[in-house]
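Visitor: Dropping in model_1.csv, which is CSV, C-alpha atoms (C1' of nucleotides):
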```csv
chain,number,residue,atom,x,y,z
A,1,MET,CA,-39.1,25.3,18.4
A,2,THR,CA,-37.3,22.4,16.9
A,3,ALA,CA,-35.9,22.8,13.4
A,4,ARG,CA,-38.0,20.8,11.2
A,5,ALA,CA,-37.1,19.2,7.8
A,6,SER,CA,-40.7,19.1,6.6
A,7,SER,CA,-43.0,22.0,7.0
A,8,LYS,CA,-46.7,21.9,6.3
A,9,ARG,CA,-46.0,23.3,2.8
A,10,ASP,CA,-43.4,20.6,2.2
A,11,LEU,CA,-45.8,17.8,3.2
A,12,ILE,CA,-48.5,19.1,0.8
A,13,ALA,CA,-45.9,19.3,-2.0
A,14,ILE,CA,-44.9,15.7,-1.3
A,15,LEU,CA,-48.5,14.6,-1.6
A,16,GLU,CA,-48.9,16.4,-4.9
A,17,ASP,CA,-45.7,15.1,-6.2
A,18,ARG,CA,-47.0,11.6,-5.7
A,19,GLY,CA,-50.1,12.4,-7.7
A,20,PHE,CA,-52.5,12.9,-4.8
A,21,ARG,CA,-54.7,15.9,-4.3
A,22,ALA,CA,-54.1,18.3,-1.5
A,23,THR,CA,-57.7,18.4,-0.5
A,24,GLY,CA,-59.3,20.3,2.5
A,25,PRO,CA,-59.4,17.3,4.9
A,26,ARG,CA,-55.8,16.3,4.0
A,27,ARG,CA,-54.6,19.9,4.6
A,28,ASP,CA,-56.4,19.8,8.0
A,29,VAL,CA,-54.7,16.6,9.0
A,30,ILE,CA,-51.3,18.0,7.9
A,31,ALA,CA,-51.8,21.3,9.6
A,32,LEU,CA,-52.6,19.6,12.9
A,33,LEU,CA,-49.7,17.2,12.5
A,34,ASP,CA,-47.4,20.2,12.0
A,35,THR,CA,-48.2,21.5,15.4
A,36,LYS,CA,-47.1,18.3,17.2
A,37,ASP,CA,-43.7,17.9,18.5
A,38,GLU,CA,-44.4,14.7,20.3
A,39,GLY,CA,-45.7,11.3,19.2
A,40,PHE,CA,-49.4,11.1,18.7
A,41,SER,CA,-51.9,8.4,18.1
A,42,ALA,CA,-54.2,8.2,15.1
A,43,GLU,CA,-57.3,8.1,17.2
A,44,ARG,CA,-56.3,11.2,19.1
A,45,LEU,CA,-55.6,13.0,15.9
A,46,ALA,CA,-59.1,12.0,14.6
A,47,GLY,CA,-60.6,13.2,17.9
A,48,GLU,CA,-59.0,16.6,17.4
A,49,LEU,CA,-60.5,17.0,13.9
A,50,PRO,CA,-64.2,16.6,14.4
A,51,GLY,CA,-64.8,18.0,10.9
A,52,VAL,CA,-62.8,15.2,9.3
A,53,GLY,CA,-63.9,11.6,9.1
A,54,ARG,CA,-62.1,9.0,11.0
A,55,ALA,CA,-61.4,7.0,7.9
A,56,THR,CA,-59.9,10.0,6.1
A,57,VAL,CA,-57.6,10.6,9.0
A,58,TYR,CA,-56.3,7.0,8.8
A,59,ARG,CA,-56.1,7.2,5.0
A,60,THR,CA,-54.0,10.4,5.2
A,61,ILE,CA,-51.8,8.9,7.8
A,62,ARG,CA,-51.2,6.0,5.5
A,63,LEU,CA,-50.3,8.2,2.6
A,64,LEU,CA,-47.8,10.1,4.7
A,65,LEU,CA,-46.4,6.8,6.1
A,66,ASP,CA,-45.9,5.5,2.5
A,67,ALA,CA,-44.3,8.8,1.6
A,68,GLY,CA,-41.9,8.3,4.5
A,69,VAL,CA,-42.7,11.7,6.1
A,70,ILE,CA,-44.1,10.2,9.3
A,71,CYS,CA,-43.0,7.2,11.2
A,72,LYS,CA,-45.0,4.6,13.0
A,73,LEU,CA,-43.6,3.2,16.2
A,74,ALA,CA,-44.7,1.2,19.2
A,75,LEU,CA,-44.5,1.7,22.9
A,76,PRO,CA,-43.3,-1.3,24.9
A,77,ASP,CA,-46.9,-2.0,25.8
A,78,GLY,CA,-47.7,-2.2,22.1
A,79,ALA,CA,-49.7,1.0,21.7
A,80,PRO,CA,-48.9,2.5,18.3
A,81,LYS,CA,-47.7,6.1,17.9
A,82,TYR,CA,-46.8,8.3,15.0
A,83,SER,CA,-44.2,11.0,14.8
A,84,LEU,CA,-43.1,13.4,12.1
A,85,ALA,CA,-39.9,12.3,10.5
A,86,ARG,CA,-37.5,15.2,10.7
A,87,ALA,CA,-34.3,13.8,9.6
A,88,GLU,CA,-33.9,11.6,6.5
A,89,HIS,CA,-32.9,8.4,8.3
A,90,HIS,CA,-33.1,8.1,12.0
A,91,HIS,CA,-34.2,6.0,15.0
A,92,HIS,CA,-36.4,6.8,17.9
A,93,THR,CA,-36.5,7.2,21.6
A,94,VAL,CA,-39.8,6.6,23.3
A,95,CYS,CA,-40.5,7.6,26.8
A,96,VAL,CA,-42.3,4.7,28.4
A,97,SER,CA,-44.0,7.0,30.9
A,98,CYS,CA,-45.3,9.9,28.9
A,99,GLY,CA,-44.9,8.6,25.4
A,100,THR,CA,-42.8,11.5,24.1
A,101,VAL,CA,-40.9,10.6,21.0
A,102,GLY,CA,-37.4,11.8,20.2
A,103,GLU,CA,-35.1,11.1,17.3
A,104,PHE,CA,-31.5,10.3,17.1
A,105,ARG,CA,-29.1,9.4,14.4
A,106,ALA,CA,-26.2,7.1,14.8
A,107,VAL,CA,-23.9,6.6,11.9
A,108,THR,CA,-22.2,3.9,14.0
A,109,MET,CA,-25.4,2.0,14.1
A,110,GLU,CA,-25.7,1.9,10.3
A,111,ARG,CA,-22.1,0.7,10.1
A,112,LEU,CA,-22.9,-1.9,12.7
A,113,LEU,CA,-26.0,-3.1,10.8
A,114,ARG,CA,-24.0,-3.6,7.7
A,115,THR,CA,-21.5,-5.7,9.6
A,116,ILE,CA,-24.4,-7.8,11.1
A,117,GLY,CA,-25.6,-8.4,7.6
A,118,ASP,CA,-22.8,-10.8,7.1
A,119,ASP,CA,-24.1,-13.0,9.9
A,120,ILE,CA,-27.6,-13.1,8.7
A,121,SER,CA,-28.9,-15.4,6.0
A,122,GLY,CA,-31.3,-13.6,3.7
A,123,GLU,CA,-31.5,-10.1,2.4
A,124,ILE,CA,-31.9,-7.2,4.8
A,125,VAL,CA,-34.7,-4.9,3.7
A,126,GLY,CA,-35.0,-2.7,6.7
A,127,HIS,CA,-34.8,-2.4,10.4
A,128,ARG,CA,-36.6,-0.9,13.4
A,129,ILE,CA,-34.7,0.4,16.3
A,130,GLU,CA,-36.4,2.0,19.3
A,131,ILE,CA,-34.7,3.0,22.5
A,132,HIS,CA,-37.2,3.0,25.4
A,133,ILE,CA,-36.4,5.6,28.0
A,134,THR,CA,-37.8,7.5,30.9
A,135,CYS,CA,-37.4,11.1,29.9
A,136,GLN,CA,-35.9,13.9,32.1
A,137,GLU,CA,-39.4,15.3,32.8
A,138,CYS,CA,-40.8,12.0,34.0
A,139,LEU,CA,-37.7,11.3,36.0
A,140,ALA,CA,-38.1,14.6,37.8
A,141,LYS,CA,-41.8,14.1,38.3
A,142,ASN,CA,-41.3,10.6,39.8
A,143,ALA,CA,-38.5,11.8,42.1
A,144,SER,CA,-40.8,14.4,43.7
B,145,MET,CA,-33.9,-29.2,15.1
B,146,THR,CA,-32.7,-26.0,16.7
B,147,ALA,CA,-31.1,-26.3,20.1
B,148,ARG,CA,-33.5,-24.7,22.5
B,149,ALA,CA,-32.7,-23.0,25.8
B,150,SER,CA,-36.3,-23.6,27.1
B,151,SER,CA,-38.0,-26.9,26.7
B,152,LYS,CA,-41.6,-27.6,27.5
B,153,ARG,CA,-40.6,-28.8,30.9
B,154,ASP,CA,-38.5,-25.7,31.6
B,155,LEU,CA,-41.4,-23.4,30.7
B,156,ILE,CA,-43.7,-25.3,33.1
B,157,ALA,CA,-41.1,-25.0,35.8
B,158,ILE,CA,-40.8,-21.3,35.2
B,159,LEU,CA,-44.5,-20.9,35.6
B,160,GLU,CA,-44.5,-22.8,38.9
B,161,ASP,CA,-41.5,-20.9,40.2
B,162,ARG,CA,-43.5,-17.8,39.8
B,163,GLY,CA,-46.3,-19.2,41.8
B,164,PHE,CA,-48.7,-20.1,39.0
B,165,ARG,CA,-50.3,-23.4,38.6
B,166,ALA,CA,-49.3,-25.6,35.7
B,167,THR,CA,-52.9,-26.4,34.7
B,168,GLY,CA,-54.1,-28.5,31.8
B,169,PRO,CA,-54.9,-25.6,29.4
B,170,ARG,CA,-51.6,-23.9,30.2
B,171,ARG,CA,-49.7,-27.1,29.5
B,172,ASP,CA,-51.6,-27.4,26.2
B,173,VAL,CA,-50.5,-23.9,25.2
B,174,ILE,CA,-46.9,-24.5,26.2
B,175,ALA,CA,-46.9,-27.9,24.4
B,176,LEU,CA,-48.1,-26.3,21.1
B,177,LEU,CA,-45.7,-23.4,21.5
B,178,ASP,CA,-42.9,-25.9,21.9
B,179,THR,CA,-43.5,-27.3,18.5
B,180,LYS,CA,-43.1,-23.9,16.8
B,181,ASP,CA,-39.8,-22.8,15.4
B,182,GLU,CA,-41.3,-19.8,13.7
B,183,GLY,CA,-43.1,-16.7,14.8
B,184,PHE,CA,-46.7,-17.3,15.5
B,185,SER,CA,-49.7,-15.1,16.2
B,186,ALA,CA,-51.9,-15.4,19.3
B,187,GLU,CA,-55.0,-15.8,17.3
B,188,ARG,CA,-53.5,-18.7,15.3
B,189,LEU,CA,-52.4,-20.4,18.5
B,190,ALA,CA,-55.9,-20.1,19.8
B,191,GLY,CA,-57.3,-21.5,16.6
B,192,GLU,CA,-55.1,-24.6,16.9
B,193,LEU,CA,-56.3,-25.2,20.4
B,194,PRO,CA,-60.1,-25.5,20.1
B,195,GLY,CA,-60.3,-27.1,23.5
B,196,VAL,CA,-58.8,-24.0,25.2
B,197,GLY,CA,-60.6,-20.7,25.6
B,198,ARG,CA,-59.3,-17.8,23.6
B,199,ALA,CA,-59.0,-15.7,26.8
B,200,THR,CA,-56.9,-18.4,28.4
B,201,VAL,CA,-54.5,-18.5,25.4
B,202,TYR,CA,-54.0,-14.8,25.7
B,203,ARG,CA,-53.6,-15.0,29.4
B,204,THR,CA,-51.0,-17.7,29.2
B,205,ILE,CA,-49.1,-15.8,26.5
B,206,ARG,CA,-49.0,-12.8,28.8
B,207,LEU,CA,-47.7,-14.9,31.7
B,208,LEU,CA,-44.9,-16.2,29.5
B,209,LEU,CA,-44.2,-12.7,28.1
B,210,ASP,CA,-43.9,-11.4,31.7
B,211,ALA,CA,-41.6,-14.3,32.5
B,212,GLY,CA,-39.5,-13.3,29.5
B,213,VAL,CA,-39.6,-16.7,27.9
B,214,ILE,CA,-41.4,-15.5,24.8
B,215,CYS,CA,-40.9,-12.3,22.9
B,216,LYS,CA,-43.4,-10.1,21.2
B,217,LEU,CA,-42.4,-8.5,18.0
B,218,ALA,CA,-44.0,-6.6,15.1
B,219,LEU,CA,-43.8,-7.1,11.4
B,220,PRO,CA,-43.3,-3.9,9.4
B,221,ASP,CA,-47.0,-3.9,8.6
B,222,GLY,CA,-47.7,-3.8,12.3
B,223,ALA,CA,-49.0,-7.4,12.7
B,224,PRO,CA,-47.9,-8.7,16.1
B,225,LYS,CA,-46.0,-12.0,16.4
B,226,TYR,CA,-44.6,-14.1,19.2
B,227,SER,CA,-41.5,-16.2,19.3
B,228,LEU,CA,-39.9,-18.4,21.9
B,229,ALA,CA,-36.9,-16.7,23.4
B,230,ARG,CA,-34.0,-19.2,23.1
B,231,ALA,CA,-31.1,-17.1,24.1
B,232,GLU,CA,-31.0,-14.9,27.2
B,233,HIS,CA,-30.7,-11.5,25.5
B,234,HIS,CA,-31.1,-11.2,21.7
B,235,HIS,CA,-32.6,-9.4,18.8
B,236,HIS,CA,-34.8,-10.6,16.0
B,237,THR,CA,-34.8,-11.0,12.3
B,238,VAL,CA,-38.3,-11.1,10.7
B,239,CYS,CA,-38.9,-12.2,7.2
B,240,VAL,CA,-41.3,-9.6,5.7
B,241,SER,CA,-42.5,-12.2,3.2
B,242,CYS,CA,-43.2,-15.3,5.3
B,243,GLY,CA,-43.0,-14.0,8.8
B,244,THR,CA,-40.3,-16.4,10.0
B,245,VAL,CA,-38.6,-15.1,13.0
B,246,GLY,CA,-34.9,-15.6,13.7
B,247,GLU,CA,-32.7,-14.6,16.6
B,248,PHE,CA,-29.3,-13.1,16.7
B,249,ARG,CA,-27.0,-11.8,19.3
B,250,ALA,CA,-24.6,-8.9,18.8
B,251,VAL,CA,-22.3,-8.0,21.6
B,252,THR,CA,-21.2,-5.1,19.6
B,253,MET,CA,-24.8,-3.9,19.5
B,254,GLU,CA,-25.0,-3.8,23.3
B,255,ARG,CA,-21.7,-1.8,23.5
B,256,LEU,CA,-23.0,0.6,20.9
B,257,LEU,CA,-26.2,1.1,22.8
B,258,ARG,CA,-24.3,2.0,25.9
B,259,THR,CA,-22.4,4.6,23.9
B,260,ILE,CA,-25.6,6.0,22.5
B,261,GLY,CA,-26.8,6.4,26.0
B,262,ASP,CA,-24.4,9.3,26.5
B,263,ASP,CA,-26.2,11.2,23.7
B,264,ILE,CA,-29.7,10.6,25.0
B,265,SER,CA,-31.3,12.6,27.8
B,266,GLY,CA,-33.2,10.5,30.2
B,267,GLU,CA,-32.7,7.0,31.4
B,268,ILE,CA,-32.6,4.0,29.0
B,269,VAL,CA,-34.9,1.3,30.2
B,270,GLY,CA,-34.9,-1.0,27.2
B,271,HIS,CA,-34.7,-1.2,23.5
B,272,ARG,CA,-36.3,-3.0,20.5
B,273,ILE,CA,-34.2,-4.0,17.6
B,274,GLU,CA,-35.7,-5.9,14.7
B,275,ILE,CA,-34.0,-6.5,11.4
B,276,HIS,CA,-36.4,-7.0,8.5
B,277,ILE,CA,-35.2,-9.4,5.9
B,278,THR,CA,-36.3,-11.5,3.0
B,279,CYS,CA,-35.2,-15.0,4.0
B,280,GLN,CA,-33.3,-17.5,1.8
B,281,GLU,CA,-36.5,-19.6,1.2
B,282,CYS,CA,-38.5,-16.6,0.1
B,283,LEU,CA,-35.6,-15.2,-2.1
B,284,ALA,CA,-35.4,-18.6,-3.8
B,285,LYS,CA,-39.2,-18.8,-4.2
B,286,ASN,CA,-39.4,-15.3,-5.7
B,287,ALA,CA,-36.5,-16.0,-8.1
B,288,SER,CA,-38.3,-18.9,-9.7
C,289,DC,C1',-64.0,-32.7,53.5
C,290,DA,C1',-64.7,-27.6,53.8
C,291,DA,C1',-63.2,-23.1,52.6
C,292,DG,C1',-60.6,-20.1,50.2
C,293,DT,C1',-58.1,-19.1,46.2
C,294,DA,C1',-56.8,-19.7,41.4
C,295,DA,C1',-58.0,-20.6,36.9
C,296,DT,C1',-61.4,-21.4,33.3
C,297,DG,C1',-64.5,-20.5,29.2
C,298,DA,C1',-68.0,-17.5,27.4
C,299,DT,C1',-68.9,-13.2,26.3
C,300,DA,C1',-68.8,-8.3,26.3
C,301,DC,C1',-65.9,-4.6,25.5
C,302,DA,C1',-61.9,-1.7,23.9
C,303,DT,C1',-58.7,-0.1,20.6
C,304,DA,C1',-56.6,0.2,16.1
C,305,DG,C1',-57.3,0.0,11.7
C,306,DT,C1',-59.5,-1.4,7.0
C,307,DC,C1',-63.3,-1.9,3.6
C,308,DT,C1',-67.5,-0.7,1.4
C,309,DC,C1',-70.5,2.3,-0.6
C,310,DA,C1',-73.1,6.1,-2.1
C,311,DG,C1',-72.5,10.8,-2.8
C,312,DG,C1',-69.6,15.0,-3.6
C,313,DA,C1',-65.6,17.5,-5.3
C,314,DT,C1',-62.1,17.9,-8.7
C,315,DG,C1',-59.7,18.1,-13.0
C,316,DC,C1',-59.6,17.3,-17.9
C,317,DT,C1',-61.5,17.7,-22.6
C,318,DT,C1',-63.8,20.0,-25.6
D,319,DA,C1',-69.4,26.1,-19.5
D,320,DA,C1',-70.7,21.0,-19.9
D,321,DG,C1',-69.8,16.5,-19.6
D,322,DC,C1',-67.3,12.8,-17.8
D,323,DA,C1',-64.1,10.1,-15.5
D,324,DT,C1',-61.6,9.9,-11.5
D,325,DC,C1',-60.5,10.9,-6.9
D,326,DC,C1',-61.9,11.8,-2.4
D,327,DT,C1',-65.2,11.9,1.3
D,328,DG,C1',-67.9,10.6,5.7
D,329,DA,C1',-70.6,7.0,7.7
D,330,DG,C1',-70.6,2.9,9.3
D,331,DA,C1',-69.8,-2.1,9.1
D,332,DC,C1',-66.2,-5.2,9.8
D,333,DT,C1',-61.6,-7.4,11.2
D,334,DA,C1',-57.9,-8.1,14.3
D,335,DT,C1',-55.8,-8.1,18.6
D,336,DG,C1',-56.3,-7.9,23.1
D,337,DT,C1',-58.5,-7.0,28.0
D,338,DA,C1',-62.3,-7.1,31.6
D,339,DT,C1',-66.2,-9.3,33.7
D,340,DC,C1',-68.4,-13.0,35.7
D,341,DA,C1',-70.3,-17.3,36.9
D,342,DT,C1',-68.5,-21.8,37.3
D,343,DT,C1',-65.0,-25.2,38.2
D,344,DA,C1',-60.7,-27.1,40.0
D,345,DC,C1',-56.9,-27.0,43.3
D,346,DT,C1',-54.9,-26.7,47.7
D,347,DT,C1',-54.4,-26.7,52.4
D,348,DG,C1',-55.9,-26.8,56.9
```
Here is the file; what I need is its structure written in the form of structure tokens.
Guide:
Amino acid sequence: MTARASSKRDLIAILEDRGFRATGPRRDVIALLDTKDEGFSAERLAGELPGVGRATVYRTIRLLLDAGVICKLALPDGAPKYSLARAEHHHHTVCVSCGTVGEFRAVTMERLLRTIGDDISGEIVGHRIEIHITCQECLAKNAS
Amino acid sequence: MTARASSKRDLIAILEDRGFRATGPRRDVIALLDTKDEGFSAERLAGELPGVGRATVYRTIRLLLDAGVICKLALPDGAPKYSLARAEHHHHTVCVSCGTVGEFRAVTMERLLRTIGDDISGEIVGHRIEIHITCQECLAKNAS
DNA sequence: CAAGTAATGATACATAGTCTCAGGATGCTT
DNA sequence: AAGCATCCTGAGACTATGTATCATTACTTG
């Protein structure tokens, strides 16, 4: 099991710190999310929670996005995916074949971005960096 | 006017080189595209071409995407945008306020990505790097 | 010019997500 | 505990972005 910065309890605490109620449906979403080590789609999440309304799943996802505890990313084909944010600041690898999402940090990257800032007119407010890969498992599968 | 690697004529040539016909509707899409210096949405493009079917606009966009002459990118809020690819390989800046898209190249970035490859299990097949900014114009507008 | 192929517009469908609304749960005050 | 304001909920309508289908039209090439 991967070490995880945010456990289920932490996520609930974060919600409450922001003045939101930790209601049943929200706990359900968080509990399911907590079992996922890979990227997941909102629709799939909703499908796995028949007791929770689709709108509520999306609403909870938005809350957690705003709180910064999950990340939204896009496969090259444009399909959106979510993943739990384990580390404070990080970037993602996305397997274009199976959709598995990984995280990496690169201090060098941050330094580089600061440098690039000098060449860019305007104020940098954020960035999105995704590395698209074919993961080990898919490489092995395709080789066979 | 910005120097542009692909002019209208070039885009048509690229289509034909790939075995597609340079039909009227496609020329219309390309001609309109050629007037745009900013990022644009497919829907907006379709709206500005009442004589061309919505499906054809999307189909033409896909052809040009496949040919690599336009790029698809995403604003932080998830809204998709397209932009003409001027330079061969490049990354984008997107103004989060007005949506204007810019390009930049960073050789250092490519070198860095190669380095990062050593830390990533699996095979890198691509990447997506977007710098989100507030552009000069929007900064000025907000200051007033 | 005939036949085959490519492209077209209209429309239906798919997916992702937001909005609305009436009802229900919650928490706060007393 | 009662009353009340607020938050949250599910259902479903709606929007946005894009793809698939299909009958019709336009090219191209022999």
Visitor: Dump as a list in words the residues of chain B that approach chain D to within 9 Å, counting only C-alpha atoms (C1' of nucleotides).
Guide: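 That gives Arg165, Ala186, Glu187, Ala199, Tyr202 and Pro224 of chain B for chain B.
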Visitor: Taking only C-alpha atoms into account, what are the residues of chain B at most 9 Å from chain A, put as a ChimeraX atom specification?
Guide: /B:218,220,222,224,237,239-240,248,250,252-253,256-257,260,263-283
Visitor: Write the selection just made, keeping C-alpha atoms, as a short mmCIF file (atom, residue, chain, number, x, y, z; two decimals), in the coordinates of the input?
Guide:
```cif
data_model
loop_
_atom_site.label_atom_id
_atom_site.label_comp_id
_atom_site.auth_asym_id
_atom_site.auth_seq_id
_atom_site.Cartn_x
_atom_site.Cartn_y
_atom_site.Cartn_z
CA ALA B 218 -44.00 -6.60 15.10
CA PRO B 220 -43.30 -3.90 9.40
CA GLY B 222 -47.70 -3.80 12.30
CA PRO B 224 -47.90 -8.70 16.10
CA THR B 237 -34.80 -11.00 12.30
CA CYS B 239 -38.90 -12.20 7.20
CA VAL B 240 -41.30 -9.60 5.70
CA PHE B 248 -29.30 -13.10 16.70
CA ALA B 250 -24.60 -8.90 18.80
CA THR B 252 -21.20 -5.10 19.60
CA MET B 253 -24.80 -3.90 19.50
CA LEU B 256 -23.00 0.60 20.90
CA LEU B 257 -26.20 1.10 22.80
CA ILE B 260 -25.60 6.00 22.50
CA ASP B 263 -26.20 11.20 23.70
CA ILE B 264 -29.70 10.60 25.00
CA SER B 265 -31.30 12.60 27.80
CA GLY B 266 -33.20 10.50 30.20
CA GLU B 267 -32.70 7.00 31.40
CA ILE B 268 -32.60 4.00 29.00
CA VAL B 269 -34.90 1.30 30.20
CA GLY B 270 -34.90 -1.00 27.20
CA HIS B 271 -34.70 -1.20 23.50
CA ARG B 272 -36.30 -3.00 20.50
CA ILE B 273 -34.20 -4.00 17.60
CA GLU B 274 -35.70 -5.90 14.70
CA ILE B 275 -34.00 -6.50 11.40
CA HIS B 276 -36.40 -7.00 8.50
CA ILE B 277 -35.20 -9.40 5.90
CA THR B 278 -36.30 -11.50 3.00
CA CYS B 279 -35.20 -15.00 4.00
CA GLN B 280 -33.30 -17.50 1.80
CA GLU B 281 -36.50 -19.60 1.20
CA CYS B 282 -38.50 -16.60 0.10
CA LEU B 283 -35.60 -15.20 -2.10
#
```
Visitor: For chain C, report every residue with an atom at most 10 Å from chain B (counting all atoms listed in the file), formatted as a list in words.
Guide: DA294, DA295, DT296, DG297 and DA298 of chain C
Visitor: Smallest atom-to-atom distance to Ala13 of chain A: which of A:Cys98, A:Leu45, A:Ile61, A:Ala67, using all atoms listed in the file?
Guide: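 For Ala13 of chain A, the nearest of the given residues is A:Ala67.
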Visitor: One number please: atom C1' of DA304 of chain C to atom CA of Gly47 of chain A, in Å, one decimal.
Guide: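 Pair atom C1' of DA304 of chain C / atom CA of Gly47 of chain A returns 13.7 Å.
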Visitor: Record the distance separating atom CA of Arg258 of chain B and atom CA of Thr100 of chain A, expressed in Å with one decimal.
Guide: 20.9 Å
Visitor: Quick one: residues within 7 Å of Tyr82 of chain A, only C-alpha atoms (C1' of nucleotides) counted, chain neighbours fewer than 5 positions away excluded, as a list in words?
Guide: Gly39, Phe40, Ser41, Ile70, Cys71, Lys72 and Leu73 of chain A
Visitor: Write out the residues from the selection above, keeping C-alpha atoms, as a compact mmCIF listing (two decimals), keeping the file's coordinate frame.
Guide:
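Saved to out-v1.txt:
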```txt
# COMPACT_ATOMS: atom_id res chain seq x y z
CA GLY A 39 -45.70 11.30 19.20
CA PHE A 40 -49.40 11.10 18.70
CA SER A 41 -51.90 8.40 18.10
CA ILE A 70 -44.10 10.20 9.30
CA CYS A 71 -43.00 7.20 11.20
CA LYS A 72 -45.00 4.60 13.00
CA LEU A 73 -43.60 3.20 16.20
```
